[in-house]
$ cat work_5.pdb   # PDB, C-alpha atoms
MODEL        1
ATOM      1  CA  MET A 756      20.193  12.198   1.645
ATOM      2  CA  ASN A 757      21.009   8.545   0.966
ATOM      3  CA  ILE A 758      18.151   6.594   2.506
ATOM      4  CA  HIS A 759      20.160   3.403   2.157
ATOM      5  CA  ALA A 760      22.798   4.864   4.442
ATOM      6  CA  LEU A 761      20.471   5.514   7.373
ATOM      7  CA  PRO A 762      21.653   3.320  10.254
ATOM      8  CA  GLU A 763      18.658   1.147  11.027
ATOM      9  CA  SER A 764      20.327  -0.020  14.217
ATOM     10  CA  SER A 765      20.225   3.511  15.601
ATOM     11  CA  PRO A 766      17.062   4.122  17.632
ATOM     12  CA  ARG A 767      17.298   7.826  16.868
ATOM     13  CA  SER A 768      17.352   7.338  13.093
ATOM     14  CA  SER A 769      14.514   4.805  13.279
ATOM     15  CA  TRP A 770      12.289   7.137  15.279
ATOM     16  CA  LEU A 771      13.216  10.080  13.064
ATOM     17  CA  LEU A 772      12.213   8.164   9.957
ATOM     18  CA  ALA A 773       9.023   6.895  11.593
ATOM     19  CA  GLY A 774       8.162  10.391  12.771
ATOM     20  CA  THR A 775       8.686  11.834   9.306
ATOM     21  CA  LEU A 776       6.487   9.206   7.676
ATOM     22  CA  LEU A 777       3.735   9.651  10.259
ATOM     23  CA  LEU A 778       3.864  13.446  10.091
ATOM     24  CA  VAL A 779       3.407  13.428   6.313
ATOM     25  CA  GLY A 780       0.700  10.790   6.598
ATOM     26  CA  ALA A 781      -1.120  12.750   9.308
ATOM     27  CA  LEU A 782      -1.168  15.852   7.110
ATOM     28  CA  ILE A 783      -2.703  13.761   4.327
ATOM     29  CA  ALA A 784      -5.207  12.206   6.742
ATOM     30  CA  SER A 785      -6.289  15.663   7.862
ATOM     31  CA  GLU A 786      -7.554  16.252   4.330
ATOM     32  CA  ALA A 787      -8.885  12.817   3.353
ATOM     33  CA  GLY A 788      -9.171   9.337   4.777
ATOM     34  CA  PHE A 789      -9.390   7.328   1.544
ATOM     35  CA  ASP A 790      -9.983   3.990   3.287
ATOM     36  CA  ILE A 791     -13.609   2.956   3.904
ATOM     37  CA  VAL A 792     -13.064   1.383   7.329
ATOM     38  CA  PHE A 793     -10.720   4.163   8.428
ATOM     39  CA  ASN A 794     -13.314   6.769   7.452
ATOM     40  CA  ALA A 795     -16.104   4.864   9.170
ATOM     41  CA  ILE A 796     -14.210   4.643  12.461
ATOM     42  CA  SER A 797     -13.180   8.305  12.368
ATOM     43  CA  GLY A 798     -16.664   9.431  11.348
ATOM     44  CA  GLY A 799     -15.190  11.674   8.656
ATOM     45  CA  VAL A 800     -13.915  14.113  11.313
ATOM     46  CA  PRO A 801     -10.446  15.439  10.335
ATOM     47  CA  TRP A 802      -8.911  15.626  13.823
ATOM     48  CA  ILE A 803     -10.128  12.125  14.649
ATOM     49  CA  ARG A 804      -8.600  10.869  11.399
ATOM     50  CA  VAL A 805      -5.270  12.419  12.374
ATOM     51  CA  VAL A 806      -5.286  10.977  15.903
ATOM     52  CA  LEU A 807      -6.358   7.552  14.647
ATOM     53  CA  PHE A 808      -3.763   7.593  11.883
ATOM     54  CA  LEU A 809      -0.974   8.481  14.313
ATOM     55  CA  ALA A 810      -2.117   5.786  16.728
ATOM     56  CA  LEU A 811      -2.213   3.112  14.017
ATOM     57  CA  GLY A 812       1.089   4.183  12.515
ATOM     58  CA  THR A 813       2.839   4.214  15.899
ATOM     59  CA  THR A 814       1.404   0.787  16.674
ATOM     60  CA  GLY A 815       2.702  -0.478  13.354
ATOM     61  CA  PHE A 816       6.167   0.862  14.081
ATOM     62  CA  PHE A 817       6.090  -0.790  17.522
ATOM     63  CA  CYS A 818       5.133  -4.130  15.958
ATOM     64  CA  ALA A 819       7.688  -3.797  13.154
ATOM     65  CA  GLN A 820      10.502  -3.368  15.665
ATOM     66  CA  ARG A 821       9.505  -6.666  17.286
ATOM     67  CA  THR A 822       9.160  -8.756  14.137
ATOM     68  CA  GLY A 823      12.346  -7.992  12.240
ATOM     69  CA  LEU A 824      10.657  -5.597   9.820
ATOM     70  CA  ARG A 825      12.627  -2.441   9.065
ATOM     71  CA  LEU A 826      11.654   1.033   7.927
ATOM     72  CA  ALA A 827      14.769   2.209   6.098
ATOM     73  CA  ALA A 828      15.651   0.819   2.684
ATOM     74  CA  HIS A 829      18.242  -1.936   2.872
ATOM     75  CA  ASP A 830      20.002  -4.561   0.743
ATOM     76  CA  LEU A 831      19.688  -2.415  -2.378
ATOM     77  CA  GLY A 832      22.597  -0.584  -3.974
ATOM     78  CA  HIS A 833      20.352   2.116  -5.428
ATOM     79  CA  PRO A 834      17.082   2.033  -3.464
ATOM     80  CA  ILE A 835      15.456   5.080  -5.081
ATOM     81  CA  ALA A 836      16.188   3.924  -8.632
ATOM     82  CA  ALA A 837      15.057   0.397  -7.774
ATOM     83  CA  ALA A 838      11.812   1.638  -6.234
ATOM     84  CA  PHE A 839      10.986   3.836  -9.214
ATOM     85  CA  GLY A 840      11.848   1.002 -11.588
ATOM     86  CA  ILE A 841       9.467  -1.288  -9.731
ATOM     87  CA  GLY A 842       6.838   1.452  -9.842
ATOM     88  CA  LEU A 843       7.189   1.641 -13.619
ATOM     89  CA  LEU A 844       6.846  -2.123 -14.015
ATOM     90  CA  VAL A 845       3.777  -2.214 -11.778
ATOM     91  CA  ALA A 846       2.235   0.672 -13.733
ATOM     92  CA  LEU A 847       2.706  -1.237 -16.994
ATOM     93  CA  TYR A 848       1.252  -4.352 -15.390
ATOM     94  CA  VAL A 849      -1.826  -2.515 -14.066
ATOM     95  CA  ALA A 850      -2.351  -0.731 -17.381
ATOM     96  CA  THR A 851      -2.229  -4.083 -19.180
ATOM     97  CA  VAL A 852      -4.746  -5.584 -16.763
ATOM     98  CA  ASP A 853      -7.158  -2.632 -16.955
ATOM     99  CA  LEU A 854      -6.831  -1.595 -20.576
ATOM    100  CA  ILE A 855      -6.303  -4.902 -22.342
ATOM    101  CA  VAL A 856      -7.059  -8.049 -20.364
ATOM    102  CA  PHE A 857     -10.102  -6.861 -18.375
ATOM    103  CA  ARG A 858     -11.123  -3.782 -20.365
ATOM    104  CA  HIS A 859     -14.711  -4.998 -20.879
ATOM    105  CA  PHE A 860     -15.144  -5.722 -17.171
ATOM    106  CA  LEU A 861     -14.253  -2.267 -15.883
ATOM    107  CA  PRO A 862     -17.141  -0.770 -13.887
ATOM    108  CA  PRO A 863     -18.636   2.341 -15.571
ATOM    109  CA  SER A 864     -18.059   4.407 -12.443
ATOM    110  CA  TYR A 865     -14.390   3.459 -12.525
ATOM    111  CA  VAL A 866     -14.012   4.531 -16.154
ATOM    112  CA  ALA A 867     -15.976   7.717 -15.494
ATOM    113  CA  TYR A 868     -13.518   8.728 -12.804
ATOM    114  CA  PHE A 869     -10.683   8.869 -15.311
ATOM    115  CA  SER A 870     -12.849  10.698 -17.799
ATOM    116  CA  GLY A 871     -13.959  13.314 -15.297
ATOM    117  CA  HIS A 872     -10.710  14.274 -13.582
ATOM    118  CA  SER A 873      -7.585  15.893 -14.949
ATOM    119  CA  LEU A 874      -4.192  14.228 -14.905
ATOM    120  CA  SER A 875      -2.877  16.537 -12.190
ATOM    121  CA  GLU A 876      -5.914  15.871  -9.987
ATOM    122  CA  ARG A 877      -5.565  12.117 -10.375
ATOM    123  CA  MET A 878      -1.829  12.033  -9.796
ATOM    124  CA  PHE A 879      -2.098  14.201  -6.693
ATOM    125  CA  SER A 880      -4.973  12.182  -5.256
ATOM    126  CA  PHE A 881      -3.605   8.720  -6.012
ATOM    127  CA  MET A 882      -0.072   9.497  -4.837
ATOM    128  CA  LEU A 883      -1.362  10.801  -1.511
ATOM    129  CA  ARG A 884      -3.676   7.830  -1.219
ATOM    130  CA  ALA A 885      -0.848   5.414  -1.994
ATOM    131  CA  PHE A 886       1.348   7.021   0.679
ATOM    132  CA  ASN A 887      -1.217   6.530   3.435
ATOM    133  CA  GLU A 888      -2.393   3.148   2.206
ATOM    134  CA  SER A 889       1.133   1.809   2.626
ATOM    135  CA  ILE A 890       1.232   3.074   6.198
ATOM    136  CA  LEU A 891      -2.212   1.719   7.071
ATOM    137  CA  TYR A 892      -2.011  -1.615   5.257
ATOM    138  CA  GLN A 893       1.659  -2.557   5.384
ATOM    139  CA  LEU A 894       3.218  -0.642   8.284
ATOM    140  CA  PHE A 895       0.207  -1.060  10.589
ATOM    141  CA  PHE A 896      -1.923  -4.002   9.476
ATOM    142  CA  MET A 897       0.831  -6.294   8.176
ATOM    143  CA  SER A 898       3.173  -5.542  11.087
ATOM    144  CA  ALA A 899       0.396  -6.015  13.668
ATOM    145  CA  VAL A 900      -0.783  -9.315  12.180
ATOM    146  CA  LEU A 901       2.784 -10.584  12.036
ATOM    147  CA  TRP A 902       3.478  -9.506  15.610
ATOM    148  CA  GLY A 903       0.316 -11.259  16.784
ATOM    149  CA  MET A 904       1.236 -14.472  15.000
ATOM    150  CA  GLY A 905       4.761 -14.226  16.362
ATOM    151  CA  LEU A 906       3.422 -14.399  19.898
ATOM    152  CA  VAL A 907       2.234 -17.962  19.315
ATOM    153  CA  TRP A 908       4.116 -19.165  16.228
ATOM    154  CA  ARG A 909       7.889 -19.539  16.276
ATOM    155  CA  ASN A 910      10.214 -22.091  14.691
ATOM    156  CA  SER A 911      12.781 -24.183  16.530
ATOM    157  CA  GLN A 912      15.260 -21.285  16.405
ATOM    158  CA  GLY A 913      12.748 -18.942  18.003
ATOM    159  CA  HIS A 914      12.161 -16.968  14.797
ATOM    160  CA  ILE A 915       8.869 -16.107  13.109
ATOM    161  CA  PRO A 916       8.458 -18.557  10.186
ATOM    162  CA  LYS A 917       8.505 -17.286   6.607
ATOM    163  CA  ALA A 918       4.976 -18.634   6.157
ATOM    164  CA  ALA A 919       3.760 -16.192   8.811
ATOM    165  CA  TYR A 920       5.243 -13.280   6.855
ATOM    166  CA  TRP A 921       3.418 -14.395   3.714
ATOM    167  CA  ILE A 922       0.136 -14.775   5.580
ATOM    168  CA  ALA A 923       0.495 -11.265   7.024
ATOM    169  CA  ILE A 924       1.421  -9.842   3.621
ATOM    170  CA  ILE A 925      -1.613 -11.386   1.920
ATOM    171  CA  LEU A 926      -4.135 -10.543   4.649
ATOM    172  CA  ALA A 927      -2.920  -6.946   4.903
ATOM    173  CA  GLN A 928      -3.735  -6.354   1.255
ATOM    174  CA  ALA A 929      -6.629  -8.703   0.531
ATOM    175  CA  ILE A 930      -8.935  -7.633   3.364
ATOM    176  CA  PRO A 931      -8.679  -3.848   2.792
ATOM    177  CA  MET A 932      -8.947  -4.166  -0.990
ATOM    178  CA  LEU A 933     -12.012  -6.401  -0.875
ATOM    179  CA  LEU A 934     -13.685  -3.810   1.360
ATOM    180  CA  ASN A 935     -12.523  -0.687  -0.457
ATOM    181  CA  GLU A 936     -13.429  -1.906  -3.916
ATOM    182  CA  ALA A 937     -16.988  -2.754  -2.818
ATOM    183  CA  PRO A 938     -18.442   0.494  -4.279
ATOM    184  CA  PHE A 939     -17.294  -0.661  -7.721
ATOM    185  CA  TYR A 940     -18.776  -4.145  -7.444
ATOM    186  CA  PRO A 941     -21.472  -4.969 -10.016
ATOM    187  CA  PRO A 942     -24.961  -5.881  -8.720
ATOM    188  CA  HIS A 943     -24.197  -9.560  -9.252
ATOM    189  CA  LEU A 944     -20.674 -10.659  -8.453
ATOM    190  CA  THR A 945     -19.132 -13.111 -10.867
ATOM    191  CA  PRO A 946     -15.977 -15.235 -10.591
ATOM    192  CA  ILE A 947     -14.387 -13.268 -13.434
ATOM    193  CA  PHE A 948     -14.900  -9.973 -11.596
ATOM    194  CA  LEU A 949     -13.445 -11.374  -8.382
ATOM    195  CA  LEU A 950     -10.509 -12.576 -10.467
ATOM    196  CA  TYR A 951     -10.144  -9.012 -11.725
ATOM    197  CA  VAL A 952     -10.081  -7.663  -8.157
ATOM    198  CA  LEU A 953      -7.421 -10.236  -7.261
ATOM    199  CA  VAL A 954      -5.226  -9.571 -10.284
ATOM    200  CA  ARG A 955      -5.685  -5.799 -10.342
ATOM    201  CA  PHE A 956      -5.793  -4.735  -6.702
ATOM    202  CA  ILE A 957      -4.484  -7.513  -4.488
ATOM    203  CA  LEU A 958      -1.414  -8.860  -6.289
ATOM    204  CA  ALA A 959       0.266  -5.449  -6.511
ATOM    205  CA  GLY A 960      -0.296  -4.927  -2.799
ATOM    206  CA  ILE A 961       1.256  -8.288  -2.054
ATOM    207  CA  LEU A 962       4.332  -6.952  -3.849
ATOM    208  CA  TRP A 963       4.367  -3.898  -1.552
ATOM    209  CA  GLY A 964       4.285  -6.214   1.450
ATOM    210  CA  PHE A 965       7.105  -8.326   0.058
ATOM    211  CA  LEU A 966       9.232  -5.228  -0.559
ATOM    212  CA  TYR A 967       8.586  -4.081   3.015
ATOM    213  CA  TRP A 968       9.687  -7.457   4.344
ATOM    214  CA  ARG A 969      12.777  -7.881   2.210
ATOM    215  CA  TYR A 970      13.925  -4.326   1.435
ATOM    216  CA  GLY A 971      12.392  -2.005   4.024
ATOM    217  CA  PHE A 972       9.182  -0.043   4.291
ATOM    218  CA  VAL A 973      10.590   3.038   2.544
ATOM    219  CA  THR A 974      11.328   0.922  -0.541
ATOM    220  CA  ALA A 975       7.716  -0.283  -0.637
ATOM    221  CA  GLU A 976       6.417   3.234  -0.017
ATOM    222  CA  MET A 977       8.461   4.782  -2.819
ATOM    223  CA  ALA A 978       7.514   2.017  -5.260
ATOM    224  CA  HIS A 979       3.814   2.339  -4.435
ATOM    225  CA  VAL A 980       3.711   6.128  -4.729
ATOM    226  CA  SER A 981       5.855   6.265  -7.870
ATOM    227  CA  THR A 982       3.591   3.783  -9.647
ATOM    228  CA  HIS A 983       1.055   6.555 -10.178
ATOM    229  CA  ILE A 984       3.613   8.845 -11.773
ATOM    230  CA  PHE A 985       3.683   6.384 -14.650
ATOM    231  CA  LEU A 986       0.192   4.874 -14.439
ATOM    232  CA  GLN A 987      -2.026   7.942 -14.392
ATOM    233  CA  PRO A 988      -0.862   9.421 -17.747
ATOM    234  CA  ILE A 989      -1.434   6.034 -19.408
ATOM    235  CA  MET A 990      -4.881   5.503 -17.910
ATOM    236  CA  GLY A 991      -5.976   9.057 -18.637
ATOM    237  CA  TYR A 992      -4.822   8.900 -22.244
ATOM    238  CA  VAL A 993      -6.544   5.593 -23.003
ATOM    239  CA  LEU A 994      -9.747   6.249 -21.057
ATOM    240  CA  GLY A 995     -10.153   9.769 -22.386
ATOM    241  CA  ALA A 996      -9.106  12.090 -19.559
ATOM    242  CA  GLY A 997      -5.774  13.085 -21.069
TER
ENDMDL
END
$ encode --input "work_5.pdb" --output "structure tokens"
Amino acid sequence: MNIHALPESSPRSSWLLAGTLLLVGALIASEAGFDIVFNAISGGVPWIRVVLFLALGTTGFFCAQRTGLRLAAHDLGHPIAAAFGIGLLVALYVATVDLIVFRHFLPPSYVAYFSGHSLSERMFSFMLRAFNESILYQLFFMSAVLWGMGLVWRNSQGHIPKAAYWIAIILAQAIPMLLNEAPFYPPHLTPIFLLYVLVRFILAGILWGFLYWRYGFVTAEMAHVSTHIFLQPIMGYVLGAG
């Protein structure tokens, strides 16, 4: 099926795509929550995670429809190839950050994870996590923040300003990442470590938000998930998991 060919203007195709994304995400949520805040709210109870996930995802879809954000890939001749290409570039970027630039600042627990889990385990876990993170952070959080700003901030043409999109993109990645990376924080935070969190975890997520805005949520989702197809073998090889 050519995702690029899905008619975004058709309510049926939009709801079908949204339903498919949320169904897959709900199945993942039934097994693991991944996000710290999401787990805290759901109390670690699988059925509550599923209900909460569906509620957040549906809310995100509602907000996306009212802010000009689209689910289906658009404005790309070959959306799947483009998404996987972006995933490869992001994987090389992250590997460079972790294994070269900030290698001496990696928390021991972070390194131990790669040493203690097989490649298949890591790929499976991180790809599922990436899938649901995109729905929670971009589809829900980014769309909801943008919708909220759009209620009070419009330009002279009645459109949401580009600055509002950038604010929503940044907040939707920065806030969750700062919270979710807390278990890896050293006892005494330093500016260099916060720089690492920014460069390693936040900038890539800003890219996912930009892709969602400009090329559709499915493009961002595919790029995010495919990153781990390329990243996990590199990280495992260098850090000793193989």
$ atom_distance --input "work_5.pdb" --atom1 "CA of Gly799 in chain A" --atom2 "CA of Gln928 in chain A"
22.6 Å
$ residues_around --input "work_5.pdb" --residues "Thr974 in chain A" --least-positions-apart "2" --cutoff "9 Å" --atoms "all atoms listed in the file" --output "PyMOL selection string"
chain A and resi 826-829+834-835+837-838+963+966-967+970-972+976-979
$ residues_around --input "work_5.pdb" --residues "Pro916 in chain A" --least-positions-apart "3" --cutoff "12 Å" --atoms "only C-alpha atoms" --output "PDB file with C-alpha atoms, in the coordinates of the input"
ATOM      1  CA  THR A 822       9.160  -8.756  14.137  1.00  0.00           C
ATOM      2  CA  GLY A 823      12.346  -7.992  12.240  1.00  0.00           C
ATOM      3  CA  LEU A 901       2.784 -10.584  12.036  1.00  0.00           C
ATOM      4  CA  TRP A 902       3.478  -9.506  15.610  1.00  0.00           C
ATOM      5  CA  MET A 904       1.236 -14.472  15.000  1.00  0.00           C
ATOM      6  CA  GLY A 905       4.761 -14.226  16.362  1.00  0.00           C
ATOM      7  CA  LEU A 906       3.422 -14.399  19.898  1.00  0.00           C
ATOM      8  CA  VAL A 907       2.234 -17.962  19.315  1.00  0.00           C
ATOM      9  CA  TRP A 908       4.116 -19.165  16.228  1.00  0.00           C
ATOM     10  CA  ARG A 909       7.889 -19.539  16.276  1.00  0.00           C
ATOM     11  CA  ASN A 910      10.214 -22.091  14.691  1.00  0.00           C
ATOM     12  CA  SER A 911      12.781 -24.183  16.530  1.00  0.00           C
ATOM     13  CA  GLN A 912      15.260 -21.285  16.405  1.00  0.00           C
ATOM     14  CA  GLY A 913      12.748 -18.942  18.003  1.00  0.00           C
ATOM     15  CA  ALA A 919       3.760 -16.192   8.811  1.00  0.00           C
ATOM     16  CA  TYR A 920       5.243 -13.280   6.855  1.00  0.00           C
ATOM     17  CA  TRP A 921       3.418 -14.395   3.714  1.00  0.00           C
ATOM     18  CA  ILE A 922       0.136 -14.775   5.580  1.00  0.00           C
ATOM     19  CA  ALA A 923       0.495 -11.265   7.024  1.00  0.00           C
TER      20      ALA A 923
END
$ atom_distance --input "work_5.pdb" --atom1 "CA of Asp853 in chain A" --atom2 "CA of Phe879 in chain A"
20.4 Å
$ resolve_selection --input "work_5.pdb" --expression "the PyMOL selection byres ((chain A and resi 778) around 12)" --output "list in words"
Trp770, Leu771, Leu772, Ala773, Gly774, Thr775, Leu776, Leu777, Val779, Gly780, Ala781, Leu782, Ile783, Ala784, Ser785, Val805, Val806, Phe808, Leu809, Ala810, Gly812, Thr813, Phe886, Asn887 and Ile890 of chain A
$ residues_near_point --input "work_5.pdb" --point "(-7.9, 14.7, -11.0)" --cutoff "12 Å" --atoms "all atoms listed in the file" --output "NGL selection string"
:A and (867-882 or 987-988 or 990-991 or 996-997)
$ atom_distance --input "work_5.pdb" --atom1 "CA of Asn794 in chain A" --atom2 "CA of Val900 in chain A"
20.9 Å
$ closest_residue --input "work_5.pdb" --among "A:Gly815, A:Gly960, A:Pro941, A:Gly788" --to "Pro801 in chain A" --atoms "all atoms listed in the file"
A:Gly788
$ closest_residue --input "work_5.pdb" --among "A:Ile924, A:Leu934, A:Leu854, A:Val800" --to "Leu962 in chain A" --atoms "only C-alpha atoms"
A:Ile924
$ decode --input "work_5.pdb" --residues "range 864-876 of chain A" --atoms "N, CA, C and O atoms" --output "mmCIF file, in the first residue's frame"
data_model
loop_
_atom_site.group_PDB
_atom_site.id
_atom_site.type_symbol
_atom_site.label_atom_id
_atom_site.label_comp_id
_atom_site.auth_asym_id
_atom_site.auth_seq_id
_atom_site.Cartn_x
_atom_site.Cartn_y
_atom_site.Cartn_z
ATOM 1 N N SER A 864 25.048 2.837 34.076
ATOM 2 C CA SER A 864 23.831 2.044 33.915
ATOM 3 C C SER A 864 23.384 2.013 32.453
ATOM 4 O O SER A 864 22.808 1.024 31.979
ATOM 5 N N TYR A 865 23.652 3.079 31.751
ATOM 6 C CA TYR A 865 23.308 3.156 30.330
ATOM 7 C C TYR A 865 24.174 2.189 29.531
ATOM 8 O O TYR A 865 23.678 1.425 28.698
ATOM 9 N N VAL A 866 25.465 2.191 29.796
ATOM 10 C CA VAL A 866 26.387 1.284 29.114
ATOM 11 C C VAL A 866 26.062 -0.162 29.464
ATOM 12 O O VAL A 866 26.084 -1.052 28.608
ATOM 13 N N ALA A 867 25.737 -0.404 30.730
ATOM 14 C CA ALA A 867 25.437 -1.765 31.174
ATOM 15 C C ALA A 867 24.224 -2.334 30.461
ATOM 16 O O ALA A 867 24.145 -3.544 30.225
ATOM 17 N N TYR A 868 23.278 -1.480 30.114
ATOM 18 C CA TYR A 868 22.098 -1.972 29.410
ATOM 19 C C TYR A 868 22.483 -2.622 28.080
ATOM 20 O O TYR A 868 21.987 -3.689 27.724
ATOM 21 N N PHE A 869 23.376 -1.992 27.356
ATOM 22 C CA PHE A 869 23.788 -2.535 26.068
ATOM 23 C C PHE A 869 24.655 -3.777 26.228
ATOM 24 O O PHE A 869 24.675 -4.648 25.367
ATOM 25 N N SER A 870 25.357 -3.848 27.340
ATOM 26 C CA SER A 870 26.183 -5.019 27.592
ATOM 27 C C SER A 870 25.368 -6.214 28.068
ATOM 28 O O SER A 870 25.796 -7.358 27.912
ATOM 29 N N GLY A 871 24.208 -5.954 28.634
ATOM 30 C CA GLY A 871 23.440 -7.033 29.252
ATOM 31 C C GLY A 871 22.235 -7.519 28.479
ATOM 32 O O GLY A 871 21.507 -8.385 28.965
ATOM 33 N N HIS A 872 22.002 -6.963 27.286
ATOM 34 C CA HIS A 872 20.854 -7.374 26.492
ATOM 35 C C HIS A 872 21.285 -7.670 25.064
ATOM 36 O O HIS A 872 22.127 -6.973 24.503
ATOM 37 N N SER A 873 20.685 -8.683 24.496
ATOM 38 C CA SER A 873 21.045 -9.086 23.132
ATOM 39 C C SER A 873 20.534 -8.072 22.119
ATOM 40 O O SER A 873 19.664 -7.242 22.414
ATOM 41 N N LEU A 874 21.056 -8.170 20.911
ATOM 42 C CA LEU A 874 20.640 -7.265 19.846
ATOM 43 C C LEU A 874 19.151 -7.390 19.571
ATOM 44 O O LEU A 874 18.437 -6.385 19.435
ATOM 45 N N SER A 875 18.645 -8.608 19.482
ATOM 46 C CA SER A 875 17.221 -8.792 19.198
ATOM 47 C C SER A 875 16.344 -8.205 20.297
ATOM 48 O O SER A 875 15.310 -7.592 20.020
ATOM 49 N N GLU A 876 16.751 -8.363 21.552
ATOM 50 C CA GLU A 876 15.991 -7.802 22.666
ATOM 51 C C GLU A 876 15.955 -6.279 22.574
ATOM 52 O O GLU A 876 14.901 -5.663 22.762
#
